[in-house]
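Structure file input.txt (compact mmCIF, C-alpha atoms and all ligand atoms) follows.
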# COMPACT_ATOMS: atom_id res chain seq x y z
CA MET A 66 34.32 -11.11 4.84
CA GLU A 67 34.55 -9.99 1.23
CA GLY A 68 37.53 -7.73 2.02
CA GLY A 69 38.81 -5.74 -0.93
CA LYS A 70 35.68 -5.97 -3.06
CA ARG A 71 34.18 -2.75 -4.33
CA ALA A 72 30.47 -2.28 -5.00
CA CYS A 73 28.46 0.61 -6.38
CA VAL A 74 24.89 1.18 -5.19
CA ILE A 75 22.87 3.42 -7.51
CA GLY A 76 20.28 5.40 -5.52
CA ALA A 77 22.06 4.62 -2.24
CA GLY A 78 19.85 6.76 0.01
CA GLY A 79 16.61 4.88 -0.69
CA PHE A 80 14.84 2.53 1.74
CA ILE A 81 16.09 -0.73 0.18
CA ALA A 82 19.43 0.64 -1.00
CA SER A 83 20.33 1.93 2.49
CA TRP A 84 20.09 -1.66 3.74
CA ILE A 85 22.17 -2.94 0.82
CA VAL A 86 24.84 -0.36 1.71
CA THR A 87 24.64 -1.35 5.41
CA LYS A 88 25.13 -5.03 4.66
CA LEU A 89 27.91 -4.42 2.13
CA LEU A 90 29.80 -2.34 4.69
CA ASP A 91 29.24 -5.06 7.33
CA ARG A 92 30.81 -7.57 4.95
CA GLY A 93 33.88 -5.37 4.42
CA TYR A 94 33.12 -4.05 0.95
CA LYS A 95 34.25 -0.64 -0.22
CA VAL A 96 31.06 1.06 -1.34
CA HIS A 97 30.39 3.78 -3.91
CA GLY A 98 26.93 5.14 -3.21
CA THR A 99 25.28 7.41 -5.76
CA VAL A 100 22.94 10.10 -4.47
CA ARG A 101 21.54 13.14 -6.21
CA ASP A 102 22.91 15.61 -3.68
CA PRO A 103 25.66 14.39 -1.32
CA ASP A 104 25.41 17.67 0.63
CA ASP A 105 21.79 16.99 1.61
CA ASN A 106 22.40 15.70 5.12
CA GLU A 107 18.73 15.42 5.95
CA LYS A 108 18.25 12.95 3.10
CA TYR A 109 21.58 11.10 3.18
CA GLY A 110 23.05 11.77 6.65
CA HIS A 111 22.04 8.27 7.79
CA LEU A 112 24.44 6.73 5.26
CA LYS A 113 27.40 8.65 6.66
CA LYS A 114 26.64 7.30 10.16
CA LEU A 115 26.60 3.61 9.18
CA PRO A 116 29.28 1.41 10.77
CA GLY A 117 32.26 1.34 8.40
CA ALA A 118 30.99 4.32 6.37
CA ARG A 119 33.77 6.68 7.42
CA GLU A 120 36.43 4.27 6.20
CA ARG A 121 34.74 2.58 3.25
CA LEU A 122 31.76 4.55 1.90
CA SER A 123 32.20 7.22 -0.78
CA LEU A 124 29.18 9.18 -1.93
CA PHE A 125 29.05 10.21 -5.58
CA ARG A 126 26.77 12.90 -6.96
CA ALA A 127 24.84 11.19 -9.76
CA ASP A 128 21.47 11.23 -11.41
CA VAL A 129 20.43 8.21 -13.47
CA LEU A 130 19.25 10.66 -16.15
CA ASP A 131 22.81 11.95 -16.52
CA TYR A 132 25.12 9.33 -18.04
CA ASP A 133 28.29 11.35 -17.39
CA SER A 134 27.56 11.51 -13.67
CA LEU A 135 27.38 7.69 -13.46
CA VAL A 136 30.70 6.89 -15.12
CA PRO A 137 33.01 7.85 -12.21
CA ALA A 138 30.67 6.20 -9.68
CA VAL A 139 30.81 2.73 -11.23
CA ARG A 140 34.50 2.90 -12.22
CA GLY A 141 36.62 0.20 -10.55
CA CYS A 142 33.66 -1.68 -9.04
CA ASP A 143 33.24 -5.45 -9.04
CA VAL A 144 29.47 -5.15 -8.99
CA VAL A 145 26.80 -2.49 -9.47
CA PHE A 146 23.46 -2.66 -7.64
CA HIS A 147 20.94 -0.61 -9.61
CA THR A 148 18.03 0.18 -7.28
CA ALA A 149 17.10 3.73 -8.35
CA CYS A 150 13.53 4.30 -9.51
CA PRO A 151 10.82 6.59 -8.19
CA VAL A 152 8.19 4.68 -6.20
CA ALA A 153 4.60 5.86 -5.75
CA LEU A 154 1.18 4.25 -5.66
CA LYS A 155 0.10 6.39 -8.60
CA PHE A 156 1.92 8.51 -11.19
CA GLU A 157 -0.19 11.04 -13.09
CA ASP A 158 2.59 11.76 -15.58
CA PRO A 159 3.89 8.53 -17.17
CA ASP A 160 7.28 10.11 -17.84
CA ALA A 161 7.82 10.79 -14.14
CA VAL A 162 8.54 7.08 -13.74
CA LEU A 163 9.12 5.78 -17.27
CA LYS A 164 11.97 8.19 -18.01
CA PRO A 165 14.11 7.43 -14.94
CA ALA A 166 13.28 3.72 -15.24
CA MET A 167 14.07 3.37 -18.95
CA ASP A 168 16.60 6.14 -19.75
CA GLY A 169 18.08 5.70 -16.27
CA THR A 170 18.58 1.97 -16.70
CA ARG A 171 20.13 2.48 -20.14
CA ASN A 172 22.51 5.10 -18.73
CA VAL A 173 23.51 2.85 -15.81
CA MET A 174 24.16 -0.10 -18.13
CA GLU A 175 26.12 2.03 -20.60
CA ALA A 176 28.23 3.41 -17.76
CA CYS A 177 28.81 -0.19 -16.58
CA HIS A 178 29.79 -1.20 -20.11
CA LYS A 179 32.26 1.68 -20.33
CA GLY A 180 33.62 0.79 -16.89
CA ASN A 181 34.00 -2.88 -17.84
CA ILE A 182 31.70 -3.96 -15.01
CA LYS A 183 30.93 -7.66 -15.17
CA HIS A 184 28.08 -7.97 -12.64
CA VAL A 185 24.86 -5.98 -12.19
CA VAL A 186 22.11 -6.75 -9.70
CA PHE A 187 18.89 -4.97 -10.67
CA THR A 188 15.97 -4.17 -8.38
CA SER A 189 12.83 -4.98 -10.30
CA SER A 190 9.53 -5.68 -8.53
CA GLY A 191 6.57 -7.96 -8.09
CA ALA A 192 4.99 -5.25 -10.25
CA ALA A 193 6.83 -6.80 -13.21
CA ILE A 194 5.34 -10.22 -12.39
CA LEU A 195 1.80 -9.87 -11.14
CA PHE A 196 -0.28 -7.80 -13.57
CA ASP A 197 -1.64 -10.05 -16.27
CA PRO A 198 -5.44 -10.26 -16.48
CA ASN A 199 -5.20 -13.22 -18.87
CA ARG A 200 -3.26 -15.46 -16.51
CA PRO A 201 -5.26 -18.61 -15.70
CA PRO A 202 -6.62 -18.29 -12.13
CA ASP A 203 -5.01 -21.55 -10.99
CA GLN A 204 -1.52 -20.72 -12.30
CA ILE A 205 1.23 -20.67 -9.68
CA ILE A 206 2.90 -17.28 -9.60
CA ASP A 207 6.66 -17.39 -9.82
CA GLU A 208 9.57 -16.05 -11.89
CA SER A 209 8.07 -17.40 -15.10
CA CYS A 210 5.22 -14.85 -14.87
CA TRP A 211 5.35 -11.38 -16.43
CA SER A 212 3.04 -8.41 -16.17
CA ASP A 213 1.34 -7.61 -19.44
CA PRO A 214 2.70 -4.25 -20.73
CA GLU A 215 -0.42 -3.63 -22.83
CA PHE A 216 -2.66 -4.09 -19.80
CA CYS A 217 -0.41 -1.80 -17.71
CA ARG A 218 -0.55 0.86 -20.44
CA LYS A 219 -4.33 0.64 -20.89
CA SER A 220 -4.96 0.75 -17.15
CA LYS A 221 -2.41 3.60 -16.77
CA ASN A 222 -0.36 1.59 -14.27
CA TRP A 223 2.79 3.50 -15.19
CA TYR A 224 4.87 2.14 -12.30
CA MET A 225 4.03 -1.48 -13.25
CA LEU A 226 4.84 -0.69 -16.88
CA ALA A 227 8.13 0.99 -15.94
CA LYS A 228 9.26 -1.93 -13.78
CA THR A 229 8.28 -4.51 -16.43
CA GLU A 230 9.92 -2.72 -19.34
CA SER A 231 13.05 -1.65 -17.43
CA GLU A 232 13.62 -5.22 -16.27
CA LYS A 233 13.42 -6.43 -19.87
CA LEU A 234 15.78 -3.63 -20.91
CA VAL A 235 18.41 -4.38 -18.26
CA CYS A 236 18.48 -8.05 -19.33
CA LYS A 237 18.71 -7.17 -23.03
CA LEU A 238 21.58 -4.73 -22.41
CA GLY A 239 23.29 -7.25 -20.13
CA ASP A 240 23.28 -9.76 -23.00
CA GLU A 241 24.47 -7.13 -25.48
CA PHE A 242 27.31 -5.87 -23.28
CA GLY A 243 28.36 -9.22 -21.79
CA ILE A 244 27.34 -8.18 -18.26
CA HIS A 245 25.95 -10.85 -15.91
CA VAL A 246 22.62 -9.47 -14.70
CA VAL A 247 20.70 -10.87 -11.75
CA VAL A 248 17.23 -9.46 -11.07
CA ILE A 249 15.49 -9.31 -7.70
CA CYS A 250 11.70 -8.83 -7.85
CA PRO A 251 10.57 -7.93 -4.33
CA VAL A 252 6.91 -7.69 -3.44
CA PHE A 253 5.73 -5.15 -0.87
CA VAL A 254 8.82 -4.35 1.22
CA LEU A 255 8.50 -3.52 4.91
CA GLY A 256 10.93 -3.48 7.83
CA PRO A 257 12.96 -0.87 9.68
CA ILE A 258 13.68 2.31 7.78
CA LEU A 259 17.16 3.85 8.02
CA GLN A 260 16.46 7.07 6.11
CA SER A 261 14.79 10.04 7.81
CA LYS A 262 11.82 10.44 5.42
CA ILE A 263 9.10 7.84 5.14
CA ASN A 264 9.07 5.83 1.90
CA THR A 265 5.99 4.66 0.01
CA SER A 266 5.77 1.10 1.35
CA ALA A 267 6.39 2.01 5.02
CA ALA A 268 3.78 4.75 4.63
CA LEU A 269 1.18 2.05 4.07
CA VAL A 270 1.74 0.78 7.62
CA ALA A 271 1.71 4.31 9.05
CA ASN A 272 -1.58 4.97 7.23
CA LEU A 273 -3.13 1.91 8.88
CA MET A 274 -2.28 3.34 12.31
CA ASN A 275 -2.60 7.12 12.18
CA GLY A 276 -6.37 7.39 11.93
CA SER A 277 -6.26 8.60 8.32
CA LYS A 278 -8.48 5.74 7.09
CA SER A 279 -11.81 4.59 8.48
CA SER A 280 -11.89 1.48 6.30
CA TYR A 281 -9.50 -0.50 4.13
CA PRO A 282 -10.08 -2.92 1.24
CA ASN A 283 -9.37 -6.42 2.48
CA THR A 284 -6.79 -7.21 -0.16
CA TYR A 285 -3.82 -9.56 0.11
CA TYR A 286 -0.42 -7.96 0.67
CA SER A 287 2.54 -9.98 -0.49
CA LEU A 288 5.30 -9.07 1.93
CA VAL A 289 9.04 -9.32 2.41
CA ASP A 290 11.44 -7.77 4.93
CA VAL A 291 13.84 -5.12 3.64
CA ARG A 292 16.77 -6.89 5.36
CA ASP A 293 15.99 -10.07 3.42
CA VAL A 294 15.66 -8.06 0.20
CA ALA A 295 19.14 -6.61 0.81
CA GLU A 296 20.53 -10.10 1.53
CA ALA A 297 18.98 -11.37 -1.71
CA HIS A 298 20.66 -8.58 -3.70
CA ILE A 299 24.09 -9.32 -2.24
CA ALA A 300 23.68 -13.09 -2.62
CA GLY A 301 22.62 -12.37 -6.21
CA TYR A 302 26.17 -11.21 -6.75
CA GLU A 303 28.12 -13.43 -4.34
CA ASP A 304 26.47 -16.76 -5.16
CA PRO A 305 28.23 -18.06 -8.28
CA ASN A 306 25.10 -20.01 -9.20
CA ALA A 307 22.79 -16.98 -9.10
CA SER A 308 21.13 -16.26 -12.43
CA GLY A 309 18.04 -14.70 -13.95
CA ARG A 310 15.16 -13.25 -11.98
CA TYR A 311 14.05 -14.04 -8.43
CA TYR A 312 10.54 -13.53 -7.09
CA CYS A 313 11.35 -12.16 -3.64
CA ILE A 314 8.39 -12.88 -1.37
CA ALA A 315 8.21 -14.19 2.19
CA CYS A 316 4.46 -14.39 2.79
CA SER A 317 1.07 -13.04 1.84
CA LYS A 318 -1.31 -11.57 4.42
CA LEU A 319 -4.77 -10.11 4.25
CA CYS A 320 -4.96 -6.48 5.25
CA LYS A 321 -7.31 -7.60 8.03
CA GLU A 322 -4.61 -9.92 9.46
CA MET A 323 -2.02 -7.14 9.31
CA ILE A 324 -4.30 -4.79 11.20
CA GLU A 325 -5.01 -7.44 13.83
CA THR A 326 -1.30 -8.08 14.36
CA LEU A 327 -0.58 -4.35 14.61
CA LYS A 328 -3.48 -3.77 17.03
CA GLU A 329 -2.24 -6.54 19.30
CA LYS A 330 1.34 -5.16 19.42
CA PHE A 331 0.50 -1.44 19.33
CA PRO A 332 -3.01 -0.94 20.78
CA GLN A 333 -2.47 2.80 21.37
CA TYR A 334 -2.98 3.76 17.70
CA GLN A 335 -6.10 4.54 15.70
CA TYR A 336 -6.89 1.83 13.17
CA PRO A 337 -9.48 1.65 10.37
CA HIS A 338 -12.79 0.52 11.87
CA LYS A 339 -13.37 -2.10 9.24
CA CYS A 340 -11.91 -3.79 6.23
CA GLU A 341 -14.23 -3.38 3.27
CA GLY A 342 -15.78 -6.53 1.90
CA GLU A 343 -14.04 -9.81 1.54
CA ILE A 344 -10.94 -10.51 -0.50
CA THR A 345 -10.92 -7.97 -3.32
CA GLU A 346 -7.67 -8.62 -5.10
CA GLY A 347 -4.19 -10.01 -4.72
CA ASN A 348 -2.94 -13.49 -4.16
CA SER A 349 -3.05 -15.91 -1.29
CA PHE A 350 0.24 -17.66 -0.56
CA GLU A 351 -1.03 -21.03 -1.88
CA LYS A 352 -0.93 -19.51 -5.37
CA ILE A 353 2.68 -18.36 -5.05
CA SER A 354 6.03 -20.11 -5.27
CA ASN A 355 9.11 -18.61 -3.62
CA LYS A 356 11.24 -21.72 -4.13
CA LYS A 357 13.92 -20.06 -6.26
CA ILE A 358 14.69 -17.18 -3.87
CA LEU A 359 15.25 -19.69 -1.05
CA SER A 360 18.63 -20.45 -2.65
CA LEU A 361 19.62 -16.82 -1.93
CA VAL A 362 17.77 -16.17 1.36
CA LYS A 363 17.78 -19.30 3.51
CA GLU A 364 15.17 -18.15 6.02
CA PHE A 365 12.86 -15.18 5.89
CA ILE A 366 12.41 -12.88 8.87
CA PRO A 367 9.00 -13.68 10.43
CA TYR A 368 6.26 -11.30 9.37
CA GLU A 369 5.36 -10.21 12.94
CA LYS A 370 8.98 -9.12 13.51
CA THR A 371 8.95 -7.22 10.22
CA LEU A 372 5.81 -5.34 11.25
CA VAL A 373 7.04 -4.59 14.77
CA ASP A 374 10.43 -3.40 13.51
CA THR A 375 8.77 -1.22 10.86
CA VAL A 376 6.61 0.50 13.47
CA THR A 377 9.43 0.84 16.00
CA SER A 378 11.64 2.53 13.41
CA LEU A 379 8.83 4.93 12.44
CA GLN A 380 8.29 5.77 16.12
CA GLU A 381 12.01 6.37 16.68
CA LYS A 382 12.11 8.76 13.73
CA GLY A 383 8.98 10.61 14.83
CA LEU A 384 7.08 9.47 11.73
CA LEU A 385 4.24 7.85 13.65
P1 LIG B 1 12.77 4.84 -2.17
O1 LIG B 1 13.20 4.84 -0.78
O2 LIG B 1 11.77 5.85 -2.60
O3 LIG B 1 14.02 4.88 -3.10
C1 LIG B 1 13.97 5.22 -4.46
C2 LIG B 1 15.37 5.53 -4.90
O4 LIG B 1 15.39 5.86 -6.28
C3 LIG B 1 15.98 6.71 -4.14
O5 LIG B 1 17.29 6.39 -3.80
C4 LIG B 1 15.96 7.82 -5.18
O6 LIG B 1 17.02 8.74 -5.05
C5 LIG B 1 16.20 7.01 -6.43
N1 LIG B 1 15.90 7.77 -7.63
C6 LIG B 1 14.71 8.10 -8.14
N2 LIG B 1 14.89 8.84 -9.25
C7 LIG B 1 16.22 8.96 -9.43
C8 LIG B 1 17.06 9.61 -10.39
N3 LIG B 1 16.55 10.29 -11.42
N4 LIG B 1 18.42 9.53 -10.25
C9 LIG B 1 18.95 8.87 -9.21
N5 LIG B 1 18.22 8.24 -8.27
C10 LIG B 1 16.88 8.30 -8.39
O7 LIG B 1 12.10 3.44 -2.56
P2 LIG B 1 12.54 1.93 -2.32
O8 LIG B 1 11.33 1.26 -1.80
O9 LIG B 1 13.82 1.80 -1.62
O10 LIG B 1 12.72 1.45 -3.84
C11 LIG B 1 13.97 1.10 -4.40
C12 LIG B 1 13.76 0.17 -5.56
O11 LIG B 1 13.03 -0.97 -5.14
C13 LIG B 1 12.95 0.76 -6.71
O12 LIG B 1 13.53 0.32 -7.92
C14 LIG B 1 11.57 0.14 -6.53
O13 LIG B 1 10.89 0.05 -7.77
C15 LIG B 1 11.94 -1.22 -5.99
N6 LIG B 1 10.88 -1.87 -5.21
C16 LIG B 1 10.41 -1.34 -4.05
C17 LIG B 1 9.41 -2.01 -3.34
C18 LIG B 1 8.86 -1.51 -2.03
O14 LIG B 1 7.84 -2.03 -1.56
N7 LIG B 1 9.47 -0.55 -1.39
C19 LIG B 1 8.91 -3.23 -3.84
C20 LIG B 1 9.42 -3.72 -5.03
C21 LIG B 1 10.41 -3.05 -5.71
P3 LIG B 1 16.93 10.08 -4.16
O15 LIG B 1 17.35 9.62 -2.81
O16 LIG B 1 17.91 10.99 -4.79
O17 LIG B 1 15.52 10.58 -4.21

Would you encode the structure as structure tokens?
Ligand code: NAP
Amino acid sequence: MEGGKRACVIGAGGFIASWIVTKLLDRGYKVHGTVRDPDDNEKYGHLKKLPGARERLSLFRADVLDYDSLVPAVRGCDVVFHTACPVALKFEDPDAVLKPAMDGTRNVMEACHKGNIKHVVFTSSGAAILFDPNRPPDQIIDESCWSDPEFCRKSKNWYMLAKTESEKLVCKLGDEFGIHVVVICPVFVLGPILQSKINTSAALVANLMNGSKSSYPNTYYSLVDVRDVAEAHIAGYEDPNASGRYYCIACSKLCKEMIETLKEKFPQYQYPHKCEGEITEGNSFEKISNKKILSLVKEFIPYEKTLVDTVTSLQEKGLL
């Protein structure tokens, strides 16, 4: 039990953040959760129902684009978990993601500086690691790899660009302000959802099962369970040896394999008839190293359990 410690989670109502809040409360932390509208019970009611929330969770109204709103939320905290960033497969308007990612991260770090916060754990992404067309094909993918901002810009991958540049920014500001920053770079995150509305990554699973697609490109999905991602964030603060960035990946599965596993466990749904072609993109697990993250997460939740728990949670919430 980490009794007495106080943590702030920026963007507390999100898919990943809700699990960070859950696990912090389980460990006895006092938690400041920032949300954009604490009165929106449909969006944030699940947080108020978490075990320990009544006694130890305070919700703060804050937007990462509003520095002043962040200052009271981080005040008095031992650590700040900055997870907030819009997530979508495609952004038409670059500013829809670049502004909250860049200005938002600067505001969070400046509020931390003002509040004399010494530890920040930042949620980056595999998106900040994977997208480099000039990487030699036999190179092992790990924390040493970065997405190429120029390539992201040219290919209008605004989310990839935002995650890459905001990760660099948080590290630079950490150095400038004397804040110890640990970065978690999760790949595609699945697992049980706690919030009432479906998030982008869980929607991928729903879209494989709800008859909306007749075929799917047979790409590799690099996967990790949301509960392990939350553990990694907390260990990123609690482990005194934690430092730098962590590529947070449990396994890599072809879309075809995912569909087969889902069909076996949940035969009643309507799946795409076929996966298009052979492997079109992505990385098989032989090309990936997750050695570093194993110091924070000792054992990953098996992928079948992740898939089953994702679907069960979507069923329970009437989202599938
Ligand atoms: P999510 O459920 O959509 O959560 C996104 C969060 O960002 C929400 O809490 C949202 O707040 C918050 N946010 C967006 N704009 C904001 C703003 N202007 N001010 C304050 N909060 C704002 O998605 P998620 O999957 O949990 O993603 C959380 C983080 O993980 C993101 O940084 C994402 O890039 C990263 N990530 C996700 C995945 C994945 O597969 N899911 C993989 C790698 C990295 P509201 O509740 O107010 O909307």

What is the distance, in Å and to one decimal place, between CA of Cys73 in chain A and CA of Ile366 in chain A?
25.9 Å

What box, with edges along x, y and z, holds each listed atom of ligand LIG 1 (chain B) when 5 Å is added on every side, and can you state its centre and edge lengths in Å to one decimal, as lines of an AutoDock Vina configuration file?
center_x = 13.4
center_y = 3.6
center_z = -6.1
size_x = 21.1
size_y = 24.7
size_z = 20.6

Can you build me a table of chain A residues sitting at most 6 Å from ligand LIG 1 (chain B), with the closest atom pair per residue and its distance in Å to one decimal, using all atoms listed in the file, sorted by chain and residue number, as a tab-separated table?
residue	atom	partner	partner_atom	distance
A:Gly76	CA	B:LIG1	O5	3.6
A:Ala77	CA	B:LIG1	O5	5.3
A:Gly78	CA	B:LIG1	O5	4.6
A:Gly79	CA	B:LIG1	O1	3.4
A:Phe80	CA	B:LIG1	O9	3.6
A:Ile81	CA	B:LIG1	O9	3.8
A:Ala82	CA	B:LIG1	O9	5.8
A:Val100	CA	B:LIG1	O16	5.1
A:Arg101	CA	B:LIG1	O16	4.5
A:Asp128	CA	B:LIG1	N4	3.7
A:Val129	CA	B:LIG1	N4	4.0
A:Leu130	CA	B:LIG1	N3	5.5
A:Thr148	CA	B:LIG1	O12	4.5
A:Ala149	CA	B:LIG1	O4	3.4
A:Cys150	CA	B:LIG1	O4	4.0
A:Pro151	CA	B:LIG1	C6	4.2
A:Val152	CA	B:LIG1	O2	5.2
A:Pro165	CA	B:LIG1	N3	5.2
A:Thr188	CA	B:LIG1	O12	5.1
A:Ser189	CA	B:LIG1	C21	5.5
A:Ser190	CA	B:LIG1	C21	4.0
A:Gly191	CA	B:LIG1	C20	6.0
A:Pro251	CA	B:LIG1	C20	4.4
A:Val252	CA	B:LIG1	C19	4.9
A:Phe253	CA	B:LIG1	O14	3.8
A:Val254	CA	B:LIG1	O14	3.8
A:Asn264	CA	B:LIG1	O1	5.0
A:Ser266	CA	B:LIG1	O14	4.7

Mind dumping the selected residues with C-alpha atoms as a PDB file, in the coordinates of the input?
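Produced file selection-v8.pdb, reproduced below:
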ATOM      1  CA  GLY A  76      20.280   5.400  -5.520  1.00  0.00           C
ATOM      2  CA  ALA A  77      22.060   4.620  -2.240  1.00  0.00           C
ATOM      3  CA  GLY A  78      19.850   6.760   0.010  1.00  0.00           C
ATOM      4  CA  GLY A  79      16.610   4.880  -0.690  1.00  0.00           C
ATOM      5  CA  PHE A  80      14.840   2.530   1.740  1.00  0.00           C
ATOM      6  CA  ILE A  81      16.090  -0.730   0.180  1.00  0.00           C
ATOM      7  CA  ALA A  82      19.430   0.640  -1.000  1.00  0.00           C
ATOM      8  CA  VAL A 100      22.940  10.100  -4.470  1.00  0.00           C
ATOM      9  CA  ARG A 101      21.540  13.140  -6.210  1.00  0.00           C
ATOM     10  CA  ASP A 128      21.470  11.230 -11.410  1.00  0.00           C
ATOM     11  CA  VAL A 129      20.430   8.210 -13.470  1.00  0.00           C
ATOM     12  CA  LEU A 130      19.250  10.660 -16.150  1.00  0.00           C
ATOM     13  CA  THR A 148      18.030   0.180  -7.280  1.00  0.00           C
ATOM     14  CA  ALA A 149      17.100   3.730  -8.350  1.00  0.00           C
ATOM     15  CA  CYS A 150      13.530   4.300  -9.510  1.00  0.00           C
ATOM     16  CA  PRO A 151      10.820   6.590  -8.190  1.00  0.00           C
ATOM     17  CA  VAL A 152       8.190   4.680  -6.200  1.00  0.00           C
ATOM     18  CA  PRO A 165      14.110   7.430 -14.940  1.00  0.00           C
ATOM     19  CA  THR A 188      15.970  -4.170  -8.380  1.00  0.00           C
ATOM     20  CA  SER A 189      12.830  -4.980 -10.300  1.00  0.00           C
ATOM     21  CA  SER A 190       9.530  -5.680  -8.530  1.00  0.00           C
ATOM     22  CA  GLY A 191       6.570  -7.960  -8.090  1.00  0.00           C
ATOM     23  CA  PRO A 251      10.570  -7.930  -4.330  1.00  0.00           C
ATOM     24  CA  VAL A 252       6.910  -7.690  -3.440  1.00  0.00           C
ATOM     25  CA  PHE A 253       5.730  -5.150  -0.870  1.00  0.00           C
ATOM     26  CA  VAL A 254       8.820  -4.350   1.220  1.00  0.00           C
ATOM     27  CA  ASN A 264       9.070   5.830   1.900  1.00  0.00           C
ATOM     28  CA  SER A 266       5.770   1.100   1.350  1.00  0.00           C
TER      29      SER A 266
END

If we count only C-alpha atoms, what is near Ala161 in chain A at a cut-off of 12 Å, once residues fewer than 5 positions away on the same chain are taken out, given as an MDAnalysis selection string?
chainID A and resid 130 150:153 155:156 166:169 223:224 227

Using only C-alpha atoms, determine which residues lie at most 6 Å from Gly256 in chain A, disregarding the query and same-chain residues fewer than 5 positions distant; provide the list as a list in words.
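Within the cut-off, the hits are Asp290, Val291, Thr371, Asp374 and Thr375 of chain A.
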
Just-selected residues, C-alpha atoms written as a PDB file, in the frame of the given file:
ATOM      1  CA  ASP A 290      11.440  -7.770   4.930  1.00  0.00           C
ATOM      2  CA  VAL A 291      13.840  -5.120   3.640  1.00  0.00           C
ATOM      3  CA  THR A 371       8.950  -7.220  10.220  1.00  0.00           C
ATOM      4  CA  ASP A 374      10.430  -3.400  13.510  1.00  0.00           C
ATOM      5  CA  THR A 375       8.770  -1.220  10.860  1.00  0.00           C
TER       6      THR A 375
END

Calculated over only C-alpha atoms, which of the candidates A:Lys370, A:Lys228, A:Arg218, A:Arg310 has the smallest distance to Thr170 in chain A?
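Answer, going by the shortest atom-to-atom distance: A:Lys228.
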
Near range 233-243 of chain A, counting all atoms listed in the file, which residues have an atom at most 10 Å away, once you skip same-chain residues fewer than 6 positions from it, shown as an MDAnalysis selection string?
chainID A and resid 147 166:168 170:171 173:175 177:179 181:187 189 193 227 309:310

Filtering to C-alpha atoms, could you give me those residues as a short mmCIF file (atom, residue, chain, number, x, y, z; two decimals), in the coordinates of the input?
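The resulting part_25.cif:
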data_model
loop_
_atom_site.label_atom_id
_atom_site.label_comp_id
_atom_site.auth_asym_id
_atom_site.auth_seq_id
_atom_site.Cartn_x
_atom_site.Cartn_y
_atom_site.Cartn_z
CA HIS A 147 20.94 -0.61 -9.61
CA ALA A 166 13.28 3.72 -15.24
CA MET A 167 14.07 3.37 -18.95
CA ASP A 168 16.60 6.14 -19.75
CA THR A 170 18.58 1.97 -16.70
CA ARG A 171 20.13 2.48 -20.14
CA VAL A 173 23.51 2.85 -15.81
CA MET A 174 24.16 -0.10 -18.13
CA GLU A 175 26.12 2.03 -20.60
CA CYS A 177 28.81 -0.19 -16.58
CA HIS A 178 29.79 -1.20 -20.11
CA LYS A 179 32.26 1.68 -20.33
CA ASN A 181 34.00 -2.88 -17.84
CA ILE A 182 31.70 -3.96 -15.01
CA LYS A 183 30.93 -7.66 -15.17
CA HIS A 184 28.08 -7.97 -12.64
CA VAL A 185 24.86 -5.98 -12.19
CA VAL A 186 22.11 -6.75 -9.70
CA PHE A 187 18.89 -4.97 -10.67
CA SER A 189 12.83 -4.98 -10.30
CA ALA A 193 6.83 -6.80 -13.21
CA ALA A 227 8.13 0.99 -15.94
CA GLY A 309 18.04 -14.70 -13.95
CA ARG A 310 15.16 -13.25 -11.98
#

Considering all atoms listed in the file, return as a count of residues only whatever protein or nucleic-acid residues lie within 8 Å of Ile258 in chain A, sequence-local ones (same chain, fewer than 3 positions apart) excluded.
7

Quick one: pull the distance between CA of Arg119 in chain A and CA of His97 in chain A, Å, one decimal.
12.2 Å

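The shortest atom-to-atom distance to Val362 in chain A, with only C-alpha atoms taken into account, belongs to A:Ala295 out of A:Cys340, A:Ala295, A:Ala271, A:Leu154.
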
Among the residues A:Met274, A:Ala300, A:Ala315, A:Leu359, the one that comes closest to Leu385 in chain A [using only C-alpha atoms]
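Smallest distance to Leu385 in chain A is found for A:Met274.
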
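If you look at CA of Asp304 in chain A and CA of Trp211 in chain A, they are 24.5 Å away from each other.
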
As a list in words, please: the residues near Gly301 in chain A (cut-off 7 Å, all atoms listed in the file, same-chain neighbours under 6 positions excluded).
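Non-adjacent residues within range: Val186, Val247, Ala307 and Leu361 of chain A.
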
Here is a test: counting all atoms listed in the file, which residue of A:Gly110, A:Pro305, A:Pro116, A:Pro202 is nearest to Asp91 in chain A?
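Smallest distance to Asp91 in chain A is found for A:Pro116.
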
Hey, which of A:Phe196, A:Phe216, A:Tyr302, A:Phe331 ends up closest to Leu273 in chain A? Count all atoms listed in the file.
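Under the stated criterion, the closest residue is A:Phe331.
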
Looking at only C-alpha atoms, which of A:Ala118, A:Ile85, A:Val162, A:Ala176 is the one that sits closest to Asp131 in chain A?
A:Ala176

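Every residue within 12 Å of the file position (34.0, 5.8, 4.8), judged by only C-alpha atoms, is given as Val86, Thr87, Leu90, Gly93, Tyr94, Lys95, Val96, His97, Gly98, Leu112, Lys113, Lys114, Leu115, Pro116, Gly117, Ala118, Arg119, Glu120, Arg121, Leu122, Ser123 and Leu124 of chain A.
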